[in-house]
Amino acid sequence: MNRIMAIVFLAILLAGCRQDRVTDQMKENRVIKDVKAVVVSAHPQASHAGVMILKKGGNAVDAAVATGFALAVCYPAAGNIGGGGFMLIRTSTGDHDLIDFREKAPQAASKDMYLDAGRNVVTGLSTDTHLAAGVPGSVDGMIRIHAKYGRLDFREIIQPSVDLAANGFILTREQASSLNRLAEMFRQKNPDGCAFVKEGQWEQGDTLCQPELSAALERIRDYGREGFYAGLTARLIVDEMKRGNGIITADDLENYSSVFRKPLSSTYRGYDIVTCPPPSAGGIILLQLLGMLEPFSPGEMKFHSPEMIHLIAEAQRRAFADRAKYAGDDDFIEMPVREMLNGNYLKERMASFDPLAATPSSAIEAGDPVNFESQETTHYSVVDEEGNAVAVTTTLNGSYGSGIVVKGAGFLLNNEMDDFSVKPGFPNMYGLTGSLANAIEPEKRMLSSMTPVIVEKEGKLFLVAGSPGGSTIPTSVFQVIINLIDYNMDPRVAVDTGRFHHQWLPDRISIERNSVTAESAGRLQKMGHVLHEVSGLGRVNAVFALQNGLLEGVADKRGDNSASGY
């Protein structure tokens with residue numbers, strides 16, 4: 001008996017050591033400095049996959065595609081082949097490009113599809129059912145961007161994710177906890193079982209294998225785009241739709257196409273800011289916030305003082321009011337993007353700013369830029385030895401999307417249809433309201449908050465960044481930028497320091513726990529602000545170009561993010 005107890009004790013000790021090593025390694029990889037090439041993503045295995053491609057001679061786009069497919073395996077909460085997103089590129093010669101692989105509404109979608117006979121929104125229909133899924137864009141986007149910029153053979157780039165799904169990856173503590181917390185949801189939505197459910201509890205250090213997903217990735221490897229949008233995988237998606245009364249058809253899949261778009265750009269205090277255009281509102285919000293802040297001097301205010309938070313919250317309030325009225329897919333609507341970013345217009349938006357008191361959101365409406373004269377998601381950043389830089393934000397919308405796994409294919413369906421205005425003025429899962437500009441139409445892309453960004457100084461790379469977080473994405477990215485430029489923070493501090501967020505409605509400032517003093521909170525409340533404490537806002541993964549010509553990768557401390565490089 002004593003011998004058996006000793007063996008049991010040794011096994012427990014070794015398991016504990018293994019788990020400690022996993023945790024310690026992740027902590028060590030939060031920041032990596034003075035490297036020539038780097039990948040920063042939401043999971044160590046995905047960052048490693050990208051770096052291995054770089055070491056084989058691939059460029060930043062090759063590494064970004066490899067990282068994206070790896071995240072579909074080892075970060076199922078948001079990484080995906082069943083969702084969509086945006087990839088922003090800066091070449092070593094300073095040229096910019098962006099591919100929009102956002103999901104689209106199926107052809108059978110309609111403006112009132114989530115309303116009952118009384119025109120009331122049916123709870124859960126746009127988030128928890130097969131009807132919540134938009135036509136996936138990730139696979140098409142990755143294949144098209146690789147065809148344009150990639151260097152290595154596509155089969156070599158996707159193979160790490162095929163192997164990772166087949167052989168499994170080690171769960172982090174956070175992943176094990178989330179799978180256990182959502183186990184009943186996965187069982188209810190996937191009655192025939194799925195890889196995310198097991199007998200008993202998941203533990204940190206367990207290996208999660210996904211053989212069906214591996215086979216789906218093999219079909220993409222072998223047949224390219226046709227391996228997903230046609231053939232067996234497409235039939236499995238359509239069969240899944242029929243099981244749950246969804247509306248995505250074979251024609252929807254076959255007709256999907258990602259789109260190359262011109263990035264948005266502006267300047268802030270001598271820095272060039274390049275970011276995402278519609279159908280993401282994130283880039284517009286980011287540039288509006290920077291434009292509204294330009295005439296002020298936040299760097300002369302104490303960091304996170306009541307005056308500084310008040311100023312920025314008031315700018316955020318106004319930018320999100322504009323978003324609610326004007327933002328949508330400008331392939332379908334006439335969106336006044338240029339006018340919304342006009343410097344004089346942004347000054348006018350802040351003309352009602354009172355430095356001593358909050359302006360209630362009920363008193364703030366969208367501006368009139370046309371007649372003015374004169375947003376669970378994940379982000380990863382990649383820079384290669386040659387100076388090519390890539391910022392990618394991709395999503396399923398909610399954590400694990402709809403929670404529905406395509407039977408036989410092993411990947412999750414998104415619930416991106418909730419990002420449309422299912423009814424004008426009705427908030428989505430992130431509390432964002434919208435207008436007819438973002439109403440549902442067949443083949444229309446739903447509005448997003450994704451905000452991949454590349455910042456340059458005097459023609460040289462300065463920053464590559466982005467974040468998950470729904471409506472909080474642009475404000476998280478914005479705060480990292482001003483932390484660096486206005487407050488001259490060290491890159492790690494700029495990413496890890498506390499954040500706050502205001503989105504017009506609901507009329508409150510969300511503030512990360514312990515990021516402001518009780519005295520400052522009290523003064524903000526006396527100004528008329530309602531404060532809402534939260535555990536975290538965004539998870540910014542960033543690469544910084546150092547003055548010595550090398551790079552620093554910083555993975556946000558909020559989550560399992562990891563930086564890897566050489």
# chains A, B, ... in the order shown; residues from 1 in each chain; ligands from 1
call {"tool": "select_by_dssp", "arguments": {"residues": "range 102-335 of chain A", "states": "alpha helix (DSSP H)", "output": "PyMOL selection string"}}
result
chain A and resi 138-149+154-167+173-181+183-189+211-223+226-229+231-243+250-255+282-293+306-326
call {"tool": "residues_around", "arguments": {"residues": "Gly168 in chain A", "least_positions_apart": "5", "cutoff": "7 Å", "atoms": "only C-alpha atoms", "output": "ChimeraX atom specification"}}
result
/A:207-210
call {"tool": "write_last_selection", "arguments": {"atoms": "all heavy atoms", "output": "PDB file, in the first residue's frame"}}
result
ATOM      1  N   THR A 207      -4.669  17.147 -22.945  1.00  0.00           N
ATOM      2  CA  THR A 207      -4.481  17.300 -24.388  1.00  0.00           C
ATOM      3  C   THR A 207      -5.832  17.246 -25.088  1.00  0.00           C
ATOM      4  O   THR A 207      -6.608  16.311 -24.886  1.00  0.00           O
ATOM      5  CB  THR A 207      -3.581  16.193 -24.942  1.00  0.00           C
ATOM      6  OG1 THR A 207      -2.288  16.284 -24.324  1.00  0.00           O
ATOM      7  CG2 THR A 207      -3.412  16.324 -26.453  1.00  0.00           C
ATOM      8  N   LEU A 208      -6.106  18.254 -25.882  1.00  0.00           N
ATOM      9  CA  LEU A 208      -7.347  18.315 -26.658  1.00  0.00           C
ATOM     10  C   LEU A 208      -7.051  17.958 -28.110  1.00  0.00           C
ATOM     11  O   LEU A 208      -6.339  18.688 -28.803  1.00  0.00           O
ATOM     12  CB  LEU A 208      -7.968  19.718 -26.581  1.00  0.00           C
ATOM     13  CG  LEU A 208      -9.210  19.974 -27.454  1.00  0.00           C
ATOM     14  CD1 LEU A 208     -10.330  19.008 -27.115  1.00  0.00           C
ATOM     15  CD2 LEU A 208      -9.681  21.418 -27.316  1.00  0.00           C
ATOM     16  N   CYS A 209      -7.567  16.824 -28.562  1.00  0.00           N
ATOM     17  CA  CYS A 209      -7.422  16.387 -29.952  1.00  0.00           C
ATOM     18  C   CYS A 209      -8.722  16.660 -30.708  1.00  0.00           C
ATOM     19  O   CYS A 209      -9.813  16.512 -30.148  1.00  0.00           O
ATOM     20  CB  CYS A 209      -7.082  14.898 -30.019  1.00  0.00           C
ATOM     21  SG  CYS A 209      -5.497  14.461 -29.275  1.00  0.00           S
ATOM     22  N   GLN A 210      -8.605  17.030 -31.984  1.00  0.00           N
ATOM     23  CA  GLN A 210      -9.776  17.358 -32.805  1.00  0.00           C
ATOM     24  C   GLN A 210      -9.636  16.691 -34.179  1.00  0.00           C
ATOM     25  O   GLN A 210      -9.322  17.350 -35.172  1.00  0.00           O
ATOM     26  CB  GLN A 210      -9.895  18.882 -32.945  1.00  0.00           C
ATOM     27  CG  GLN A 210     -10.039  19.606 -31.600  1.00  0.00           C
ATOM     28  CD  GLN A 210      -9.905  21.109 -31.723  1.00  0.00           C
ATOM     29  OE1 GLN A 210     -10.845  21.800 -32.118  1.00  0.00           O
ATOM     30  NE2 GLN A 210      -8.741  21.627 -31.386  1.00  0.00           N
TER      31      GLN A 210
END
call {"tool": "select_by_dssp", "arguments": {"residues": "range 7-156 of chain A", "states": "strand (DSSP E)", "output": "PyMOL selection string"}}
result
chain A and resi 31-35+38-41+84-90+96-100
call {"tool": "residues_around", "arguments": {"residues": "range 113-130 of chain A", "least_positions_apart": "4", "cutoff": "12 Å", "atoms": "only C-alpha atoms", "output": "ChimeraX atom specification"}}
result
/A:105-106,108-109,134-135,185-186,188-190,237-248,396-406,412-430,439-442
call {"tool": "closest_residue", "arguments": {"among": "A:Asp330, A:Glu552, A:Glu174, A:Glu218", "to": "Asn438 in chain A", "atoms": "only C-alpha atoms"}}
result
A:Asp330
call {"tool": "residues_around", "arguments": {"residues": "range 31-33 of chain A", "least_positions_apart": "2", "cutoff": "8 Å", "atoms": "only C-alpha atoms", "output": "list of chain:residue names"}}
result
A:Glu28, A:Asn29, A:Val35, A:Arg492, A:Leu550, A:Leu551, A:Glu552, A:Gly553, A:Val554, A:Ala555, A:Ser562, A:Ala563, A:Ser564, A:Gly565
call {"tool": "residues_around", "arguments": {"residues": "range 377-380 of chain A", "least_positions_apart": "6", "cutoff": "6 Å", "atoms": "only C-alpha atoms", "output": "NGL selection string"}}
result
:A and (40-41 or 78 or 392-395 or 466-468 or 541)
call {"tool": "write_last_selection", "arguments": {"atoms": "N, CA and C atoms", "output": "PDB file, in the first residue's frame"}}
result
ATOM      1  N   VAL A  40       3.025  37.617 -32.207  1.00  0.00           N
ATOM      2  CA  VAL A  40       2.332  37.760 -30.925  1.00  0.00           C
ATOM      3  C   VAL A  40       0.873  37.384 -31.144  1.00  0.00           C
ATOM      4  N   SER A  41       0.403  36.342 -30.444  1.00  0.00           N
ATOM      5  CA  SER A  41      -0.964  35.868 -30.654  1.00  0.00           C
ATOM      6  C   SER A  41      -1.580  35.448 -29.332  1.00  0.00           C
ATOM      7  N   ALA A  78     -12.111  31.839 -30.230  1.00  0.00           N
ATOM      8  CA  ALA A  78     -12.172  32.921 -31.212  1.00  0.00           C
ATOM      9  C   ALA A  78     -11.440  32.602 -32.506  1.00  0.00           C
ATOM     10  N   VAL A 392      -3.716  41.207 -37.818  1.00  0.00           N
ATOM     11  CA  VAL A 392      -4.908  40.420 -38.156  1.00  0.00           C
ATOM     12  C   VAL A 392      -5.851  40.356 -36.968  1.00  0.00           C
ATOM     13  N   THR A 393      -7.097  40.729 -37.188  1.00  0.00           N
ATOM     14  CA  THR A 393      -8.135  40.533 -36.180  1.00  0.00           C
ATOM     15  C   THR A 393      -9.204  39.644 -36.787  1.00  0.00           C
ATOM     16  N   THR A 394      -9.531  38.570 -36.080  1.00  0.00           N
ATOM     17  CA  THR A 394     -10.484  37.586 -36.597  1.00  0.00           C
ATOM     18  C   THR A 394     -11.407  37.139 -35.463  1.00  0.00           C
ATOM     19  N   THR A 395     -12.589  36.633 -35.812  1.00  0.00           N
ATOM     20  CA  THR A 395     -13.591  36.418 -34.765  1.00  0.00           C
ATOM     21  C   THR A 395     -14.660  35.413 -35.154  1.00  0.00           C
ATOM     22  N   GLY A 466      -3.528  45.383 -32.252  1.00  0.00           N
ATOM     23  CA  GLY A 466      -4.961  45.137 -32.368  1.00  0.00           C
ATOM     24  C   GLY A 466      -5.426  44.433 -31.111  1.00  0.00           C
ATOM     25  N   SER A 467      -6.713  44.154 -31.036  1.00  0.00           N
ATOM     26  CA  SER A 467      -7.271  43.588 -29.810  1.00  0.00           C
ATOM     27  C   SER A 467      -8.592  42.890 -30.098  1.00  0.00           C
ATOM     28  N   PRO A 468      -8.971  41.910 -29.276  1.00  0.00           N
ATOM     29  CA  PRO A 468     -10.359  41.462 -29.225  1.00  0.00           C
ATOM     30  C   PRO A 468     -11.138  42.353 -28.272  1.00  0.00           C
ATOM     31  N   ASN A 541      -2.360  42.572 -28.495  1.00  0.00           N
ATOM     32  CA  ASN A 541      -1.118  41.887 -28.857  1.00  0.00           C
ATOM     33  C   ASN A 541      -0.381  42.766 -29.854  1.00  0.00           C
TER      34      ASN A 541
END
call {"tool": "residues_around", "arguments": {"residues": "Ala46 in chain A", "least_positions_apart": "4", "cutoff": "6 Å", "atoms": "only C-alpha atoms", "output": "number ranges by chain"}}
result
A: 67, 70-71
call {"tool": "write_last_selection", "arguments": {"atoms": "C-alpha atoms", "output": "mmCIF file, in the first residue's frame"}}
result
data_model
loop_
_atom_site.group_PDB
_atom_site.id
_atom_site.type_symbol
_atom_site.label_atom_id
_atom_site.label_comp_id
_atom_site.auth_asym_id
_atom_site.auth_seq_id
_atom_site.Cartn_x
_atom_site.Cartn_y
_atom_site.Cartn_z
ATOM 1 C CA THR A 67 -0.829 31.486 -37.162
ATOM 2 C CA ALA A 70 -3.227 27.283 -35.821
ATOM 3 C CA LEU A 71 -5.500 29.544 -33.763
#
call {"tool": "atom_distance", "arguments": {"atom1": "CA of Asp62 in chain A", "atom2": "CA of Gly469 in chain A"}}
result
25.7 Å
call {"tool": "residues_around", "arguments": {"residues": "Arg508 in chain A", "least_positions_apart": "2", "cutoff": "7 Å", "atoms": "only C-alpha atoms", "output": "count of residues only"}}
result
7
call {"tool": "closest_atom_pairs", "arguments": {"of": "range 344-422 of chain A", "to": "range 520-527 of chain A", "cutoff": "12 Å", "atoms": "only C-alpha atoms", "output": "tab-separated table"}}
result
residue	atom	partner	partner_atom	distance
A:Asp354	CA	A:Met527	CA	9.8
A:Pro355	CA	A:Met527	CA	9.1
A:Leu356	CA	A:Met527	CA	6.3
A:Ala357	CA	A:Met527	CA	4.5
A:Ala358	CA	A:Met527	CA	5.7
A:Thr359	CA	A:Met527	CA	9.2
A:Pro360	CA	A:Met527	CA	10.7
call {"tool": "closest_residue", "arguments": {"among": "A:Ser257, A:Asn180, A:Ser476, A:Thr233", "to": "Ile312 in chain A", "atoms": "only C-alpha atoms"}}
result
A:Ser476
call {"tool": "closest_residue", "arguments": {"among": "A:Asp100, A:Glu533, A:Asp384, A:Glu199", "to": "Ser280 in chain A", "atoms": "only C-alpha atoms"}}
result
A:Asp100
call {"tool": "atom_distance", "arguments": {"atom1": "CA of Gln503 in chain A", "atom2": "CA of Leu287 in chain A"}}
result
15.1 Å
call {"tool": "atom_distance", "arguments": {"atom1": "CA of Gly410 in chain A", "atom2": "CA of Val61 in chain A"}}
result
25.7 Å
